[in-house]
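Trainee: Next up, start-v7.cif (mmCIF, C-alpha atoms).
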data_target
#
loop_
_atom_site.group_PDB
_atom_site.id
_atom_site.type_symbol
_atom_site.label_atom_id
_atom_site.label_comp_id
_atom_site.auth_asym_id
_atom_site.auth_seq_id
_atom_site.Cartn_x
_atom_site.Cartn_y
_atom_site.Cartn_z
ATOM 1 C CA MET A 1 128.381 122.533 117.942
ATOM 2 C CA ASP A 2 126.735 125.812 117.016
ATOM 3 C CA VAL A 3 123.219 126.919 118.039
ATOM 4 C CA VAL A 4 121.721 126.212 114.579
ATOM 5 C CA ALA A 5 123.006 122.628 114.582
ATOM 6 C CA VAL A 6 121.626 122.043 118.098
ATOM 7 C CA ARG A 7 118.199 123.373 117.070
ATOM 8 C CA MET A 8 118.217 121.147 113.978
ATOM 9 C CA LEU A 9 119.019 118.107 116.129
ATOM 10 C CA GLU A 10 116.259 119.012 118.615
ATOM 11 C CA LYS A 11 113.775 119.407 115.750
ATOM 12 C CA GLU A 12 114.831 116.079 114.214
ATOM 13 C CA HIS A 13 114.553 114.362 117.611
ATOM 14 C CA LYS A 14 111.011 115.749 118.113
ATOM 15 C CA SER A 15 110.056 114.608 114.604
ATOM 16 C CA VAL A 16 111.395 111.096 115.223
ATOM 17 C CA ALA A 17 109.602 110.918 118.577
ATOM 18 C CA HIS A 18 106.333 112.092 116.990
ATOM 19 C CA HIS A 19 106.709 109.509 114.207
ATOM 20 C CA ALA A 20 107.372 106.729 116.751
ATOM 21 C CA ARG A 21 104.266 107.696 118.784
ATOM 22 C CA ARG A 22 102.154 107.783 115.603
ATOM 23 C CA GLN A 23 103.470 104.362 114.501
ATOM 24 C CA ALA A 24 102.731 102.880 117.923
ATOM 25 C CA MET A 25 99.125 104.118 117.747
ATOM 26 C CA ALA A 26 98.525 103.211 114.094
ATOM 27 C CA ILE A 27 96.267 100.386 112.973
ATOM 28 C CA TRP A 28 97.822 98.168 110.330
ATOM 29 C CA PHE A 29 96.296 95.664 107.931
ATOM 30 C CA GLU A 30 98.672 92.801 107.245
ATOM 31 C CA GLU A 31 98.340 90.248 104.457
ATOM 32 C CA SER A 32 100.636 87.228 104.474
ATOM 33 C CA LEU A 33 101.506 86.614 100.857
ATOM 34 C CA TYR A 34 103.966 83.758 101.401
ATOM 35 C CA ASP A 35 105.803 82.255 104.370
ATOM 36 C CA HIS A 36 108.427 85.024 104.388
ATOM 37 C CA ILE A 37 106.590 87.885 102.674
ATOM 38 C CA LYS A 38 103.968 90.121 104.238
ATOM 39 C CA LEU A 39 102.249 93.243 102.978
ATOM 40 C CA ARG A 40 101.351 95.926 105.525
ATOM 41 C CA ILE A 41 99.145 98.924 104.873
ATOM 42 C CA GLU A 42 98.339 101.596 107.430
ATOM 43 C CA VAL A 43 94.604 101.833 108.045
ATOM 44 C CA GLU A 44 93.368 105.393 108.143
ATOM 45 C CA ARG A 45 89.759 104.457 108.983
ATOM 46 C CA VAL A 46 87.787 101.202 109.195
ATOM 47 C CA VAL A 47 84.689 101.498 106.997
ATOM 48 C CA ALA A 48 83.192 98.007 107.393
ATOM 49 C CA ASP A 49 84.247 94.837 109.173
ATOM 50 C CA SER A 50 81.844 91.912 109.198
ATOM 51 C CA VAL A 51 81.524 88.186 108.735
ATOM 52 C CA THR A 52 78.885 87.325 106.145
ATOM 53 C CA THR A 53 76.368 84.537 106.648
ATOM 54 C CA PHE A 54 78.354 82.665 103.993
ATOM 55 C CA GLY A 55 81.317 82.839 106.385
ATOM 56 C CA GLN A 56 83.610 85.310 104.629
ATOM 57 C CA ARG A 57 85.232 88.139 106.574
ATOM 58 C CA ALA A 58 84.676 91.339 104.629
ATOM 59 C CA PHE A 59 86.933 94.211 105.682
ATOM 60 C CA ILE A 60 86.832 97.615 103.993
ATOM 61 C CA PHE A 61 89.144 100.397 105.086
ATOM 62 C CA ASP A 62 90.529 103.748 103.960
ATOM 63 C CA THR A 63 94.234 104.401 103.472
ATOM 64 C CA VAL A 64 96.269 107.501 102.730
ATOM 65 C CA LYS A 65 98.051 106.136 99.640
ATOM 66 C CA HIS A 66 95.656 103.574 98.144
ATOM 67 C CA GLY A 67 92.211 105.018 98.811
ATOM 68 C CA ARG A 68 89.581 102.559 99.913
ATOM 69 C CA VAL A 69 90.531 98.870 100.081
ATOM 70 C CA PHE A 70 88.236 95.814 99.999
ATOM 71 C CA CYS A 71 89.469 92.561 101.595
ATOM 72 C CA LEU A 72 87.994 89.089 101.916
ATOM 73 C CA ASP A 73 89.351 86.747 104.548
ATOM 74 C CA ASN A 74 92.391 89.003 105.054
ATOM 75 C CA VAL A 75 93.297 89.040 101.358
ATOM 76 C CA ILE A 76 93.095 92.293 99.402
ATOM 77 C CA GLN A 77 90.604 92.041 96.551
ATOM 78 C CA CYS A 78 90.921 95.584 95.230
ATOM 79 C CA ALA A 79 92.113 99.062 96.107
ATOM 80 C CA GLU A 80 90.770 102.234 94.536
ATOM 81 C CA SER A 81 94.260 103.343 93.538
ATOM 82 C CA ASP A 82 95.155 100.447 91.256
ATOM 83 C CA GLU A 83 92.274 98.016 90.700
ATOM 84 C CA PHE A 84 91.911 99.204 87.113
ATOM 85 C CA TYR A 85 95.182 97.514 86.099
ATOM 86 C CA TYR A 86 93.628 94.117 86.730
ATOM 87 C CA HIS A 87 90.030 94.757 85.689
ATOM 88 C CA GLU A 88 90.776 96.579 82.443
ATOM 89 C CA ILE A 89 93.071 93.824 81.169
ATOM 90 C CA MET A 90 90.769 91.008 82.292
ATOM 91 C CA ALA A 91 87.790 92.589 80.510
ATOM 92 C CA HIS A 92 89.067 94.481 77.466
ATOM 93 C CA VAL A 93 91.601 91.990 76.098
ATOM 94 C CA PRO A 94 89.121 89.129 75.587
ATOM 95 C CA LEU A 95 86.268 91.437 74.574
ATOM 96 C CA THR A 96 88.277 93.218 71.888
ATOM 97 C CA SER A 97 89.811 89.934 70.726
ATOM 98 C CA MET A 98 86.362 88.395 70.259
ATOM 99 C CA GLY A 99 85.009 91.409 68.451
ATOM 100 C CA ASN A 100 81.289 91.065 69.124
ATOM 101 C CA ALA A 101 80.562 89.330 72.420
ATOM 102 C CA GLN A 102 76.972 90.078 73.318
ATOM 103 C CA SER A 103 76.454 87.779 76.288
ATOM 104 C CA VAL A 104 79.007 87.720 79.129
ATOM 105 C CA ALA A 105 79.126 85.866 82.438
ATOM 106 C CA ILE A 106 81.239 87.212 85.290
ATOM 107 C CA ILE A 107 82.035 84.630 87.957
ATOM 108 C CA GLY A 108 82.533 86.511 91.233
ATOM 109 C CA GLY A 109 83.128 90.214 90.865
ATOM 110 C CA ALA A 110 81.415 91.504 94.024
ATOM 111 C CA SER A 111 83.168 94.889 93.795
ATOM 112 C CA GLY A 112 81.466 95.623 90.471
ATOM 113 C CA ALA A 113 84.739 96.663 88.826
ATOM 114 C CA MET A 114 84.718 93.845 86.262
ATOM 115 C CA ALA A 115 81.099 94.577 85.361
ATOM 116 C CA ARG A 116 81.987 98.276 85.038
ATOM 117 C CA GLU A 117 84.644 97.457 82.458
ATOM 118 C CA VAL A 118 82.493 94.960 80.517
ATOM 119 C CA LEU A 119 79.655 97.502 80.368
ATOM 120 C CA LYS A 120 81.951 99.914 78.508
ATOM 121 C CA HIS A 121 81.459 97.629 75.498
ATOM 122 C CA LYS A 122 78.119 98.709 74.018
ATOM 123 C CA ASN A 123 77.809 95.444 72.069
ATOM 124 C CA CYS A 124 77.541 93.559 75.401
ATOM 125 C CA LEU A 125 73.782 93.361 75.737
ATOM 126 C CA HIS A 126 73.447 90.757 78.484
ATOM 127 C CA ILE A 127 75.839 90.464 81.446
ATOM 128 C CA ASP A 128 75.247 87.997 84.283
ATOM 129 C CA MET A 129 77.355 88.441 87.405
ATOM 130 C CA ILE A 130 77.248 85.299 89.544
ATOM 131 C CA ASP A 131 78.674 85.661 93.053
ATOM 132 C CA ILE A 132 78.184 83.221 95.899
ATOM 133 C CA ASP A 133 78.014 85.868 98.647
ATOM 134 C CA GLY A 134 75.377 88.555 98.220
ATOM 135 C CA GLU A 135 76.425 90.385 101.372
ATOM 136 C CA ASN A 136 79.788 91.231 99.795
ATOM 137 C CA ILE A 137 77.993 92.656 96.769
ATOM 138 C CA GLU A 138 75.843 94.831 99.049
ATOM 139 C CA LEU A 139 78.881 96.004 101.025
ATOM 140 C CA CYS A 140 80.662 96.972 97.809
ATOM 141 C CA LYS A 141 77.583 98.733 96.446
ATOM 142 C CA GLU A 142 77.456 100.836 99.588
ATOM 143 C CA PHE A 143 81.117 101.396 100.388
ATOM 144 C CA MET A 144 83.032 101.065 97.085
ATOM 145 C CA PRO A 145 81.267 103.571 94.766
ATOM 146 C CA LYS A 146 84.529 104.800 93.204
ATOM 147 C CA VAL A 147 85.215 101.225 92.113
ATOM 148 C CA HIS A 148 81.832 100.156 90.704
ATOM 149 C CA GLN A 149 80.944 103.658 89.436
ATOM 150 C CA GLY A 150 77.217 102.899 89.433
ATOM 151 C CA CYS A 151 77.432 99.837 87.163
ATOM 152 C CA PHE A 152 74.827 97.988 89.235
ATOM 153 C CA GLU A 153 72.193 100.405 87.891
ATOM 154 C CA ASP A 154 72.812 99.432 84.237
ATOM 155 C CA PRO A 155 69.863 97.302 82.991
ATOM 156 C CA ARG A 156 72.231 95.096 80.957
ATOM 157 C CA LEU A 157 73.721 93.746 84.200
ATOM 158 C CA ARG A 158 71.888 91.073 86.156
ATOM 159 C CA VAL A 159 73.308 90.039 89.506
ATOM 160 C CA HIS A 160 72.728 86.483 90.710
ATOM 161 C CA VAL A 161 73.649 85.284 94.190
ATOM 162 C CA ALA A 162 74.449 81.649 93.476
ATOM 163 C CA ASP A 163 77.168 79.035 93.345
ATOM 164 C CA ALA A 164 78.749 79.683 89.948
ATOM 165 C CA TYR A 165 79.603 76.009 89.442
ATOM 166 C CA HIS A 166 75.930 75.016 89.559
ATOM 167 C CA TRP A 167 74.810 78.152 87.718
ATOM 168 C CA MET A 168 77.135 77.511 84.785
ATOM 169 C CA ALA A 169 76.136 73.823 84.590
ATOM 170 C CA ARG A 170 72.570 74.966 83.878
ATOM 171 C CA GLN A 171 73.667 77.643 81.380
ATOM 172 C CA ALA A 172 75.903 75.551 79.108
ATOM 173 C CA GLY A 173 76.590 77.326 75.832
ATOM 174 C CA SER A 174 74.658 80.498 76.668
ATOM 175 C CA TYR A 175 77.579 82.956 76.891
ATOM 176 C CA ASP A 176 79.968 84.331 74.328
ATOM 177 C CA LEU A 177 82.527 85.009 77.071
ATOM 178 C CA ILE A 178 83.029 83.888 80.670
ATOM 179 C CA ILE A 179 85.315 85.961 82.917
ATOM 180 C CA VAL A 180 86.388 84.532 86.272
ATOM 181 C CA ASP A 181 86.931 87.291 88.851
ATOM 182 C CA SER A 182 87.064 85.279 92.031
ATOM 183 C CA PRO A 183 89.443 85.305 95.018
ATOM 184 C CA ASP A 184 92.473 83.032 95.151
ATOM 185 C CA PRO A 185 92.421 80.123 95.613
ATOM 186 C CA ILE A 186 89.429 79.210 93.507
#
What do you get writing this file as structure tokens?
Mentor:
Amino acid sequence: MDVVAVRMLEKEHKSVAHHARRQAMAIWFEESLYDHIKLRIEVERVVADSVTTFGQRAFIFDTVKHGRVFCLDNVIQCAESDEFYYHEIMAHVPLTSMGNAQSVAIIGGASGAMAREVLKHKNCLHIDMIDIDGENIELCKEFMPKVHQGCFEDPRLRVHVADAYHWMARQAGSYDLIIVDSPDPI
């Protein structure tokens, strides 16, 4: 073996050893999707980790590839890198199909992303966001600004911390559109 090949092997060995040390020290978030399928994401930095008085574990962390990620009870709710795929379709398809929805209820939606998309429709004059856990809303307001993009400041949006089932029973017939943006299972 020539000197160049030996140096290349030494360099590759050092790289593999460095990678193994880094992997051993890394913090990983793991979500079990099904019995035999798990999703793992390397955590770059923990931003928030708390259990709300409602009993939900809220975990927000930064990643290299997906930006900031918001999880509830170890289930990813949204990531900065791709949340728009879900929220744009869930908001714009029904709103454009209806044509002139002026009053919208959002069930859940703590991250503010659904409200952000609904607020893009200027004909939506009254938006109620009903979420059962106000602490998650506050965490997202503080730590997920790239997701909500300041939507909580829009006067058309009213946030209600309440059980949506009971809220909607009292509001029968008052909305043109109801969007459910709640964690699985409902």
Trainee: List the neighbours of segment 60-66 of chain A out to 9 Å using only C-alpha atoms; skip same-chain residues closer than 6 positions along the sequence, and give me the result as a ChimeraX atom specification.
Mentor: /A:41-49,72,79-82,139-140,143-144
Trainee: For atom CA of Gln171 of chain A and atom CA of Leu125 of chain A, quote the distance in Å rounded to one decimal.
Mentor: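 Here the two named atoms are 16.7 Å from each other.
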Trainee: Around all the atoms of segment 151-154 of chain A listed in the file, with 8 Å of room on each side, what axis-aligned box do you get, giving centre and edge lengths in Å to one decimal, as AutoDock Vina command-line options?
Mentor:
--center_x 74.8 --center_y 99.2 --center_z 86.7 --size_x 21.2 --size_y 18.4 --size_z 21.0
Trainee: Which residue, A:Cys71, A:Met129, A:Leu39, A:Ile137, has the smallest gap to Ser103 of chain A when you use all atoms listed in the file?
Mentor: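 Distance minimum relative to Ser103 of chain A lands on A:Met129.
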Trainee: Looking at A:Leu157, A:Ile37, A:Leu95, A:Ile132, which one is nearest to Ala110 of chain A, with distances taken over all atoms listed in the file?
Mentor: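 Smallest distance to Ala110 of chain A is found for A:Ile132.
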Trainee: Using the chain letters and residue numbers of this document, give as a list of chain:residue names the residues selected by the PyMOL selection byres ((chain A and resi 31) around 12).
Mentor: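 Checked against the file, the PyMOL selection byres ((chain A and resi 31) around 12) matches A:Trp28, A:Phe29, A:Glu30, A:Ser32, A:Leu33, A:Tyr34, A:Asp35, A:His36, A:Ile37, A:Lys38, A:Leu39, A:Arg40, A:Ile41, A:Glu42, A:Cys71, A:Leu72, A:Asp73, A:Asn74, A:Val75, A:Ile76, A:Gln77.
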Trainee: List the residues selected by the PyMOL selection byres ((chain A and resi 126) around 9) in the file shown, writing them as an MDAnalysis selection string.
Mentor: chainID A and resid 102:105 124:125 127:128 155:158 175
Trainee: So how many Å separate atom CA of Met98 of chain A and atom CA of Pro183 of chain A, to one decimal?
Mentor: 25.1 Å
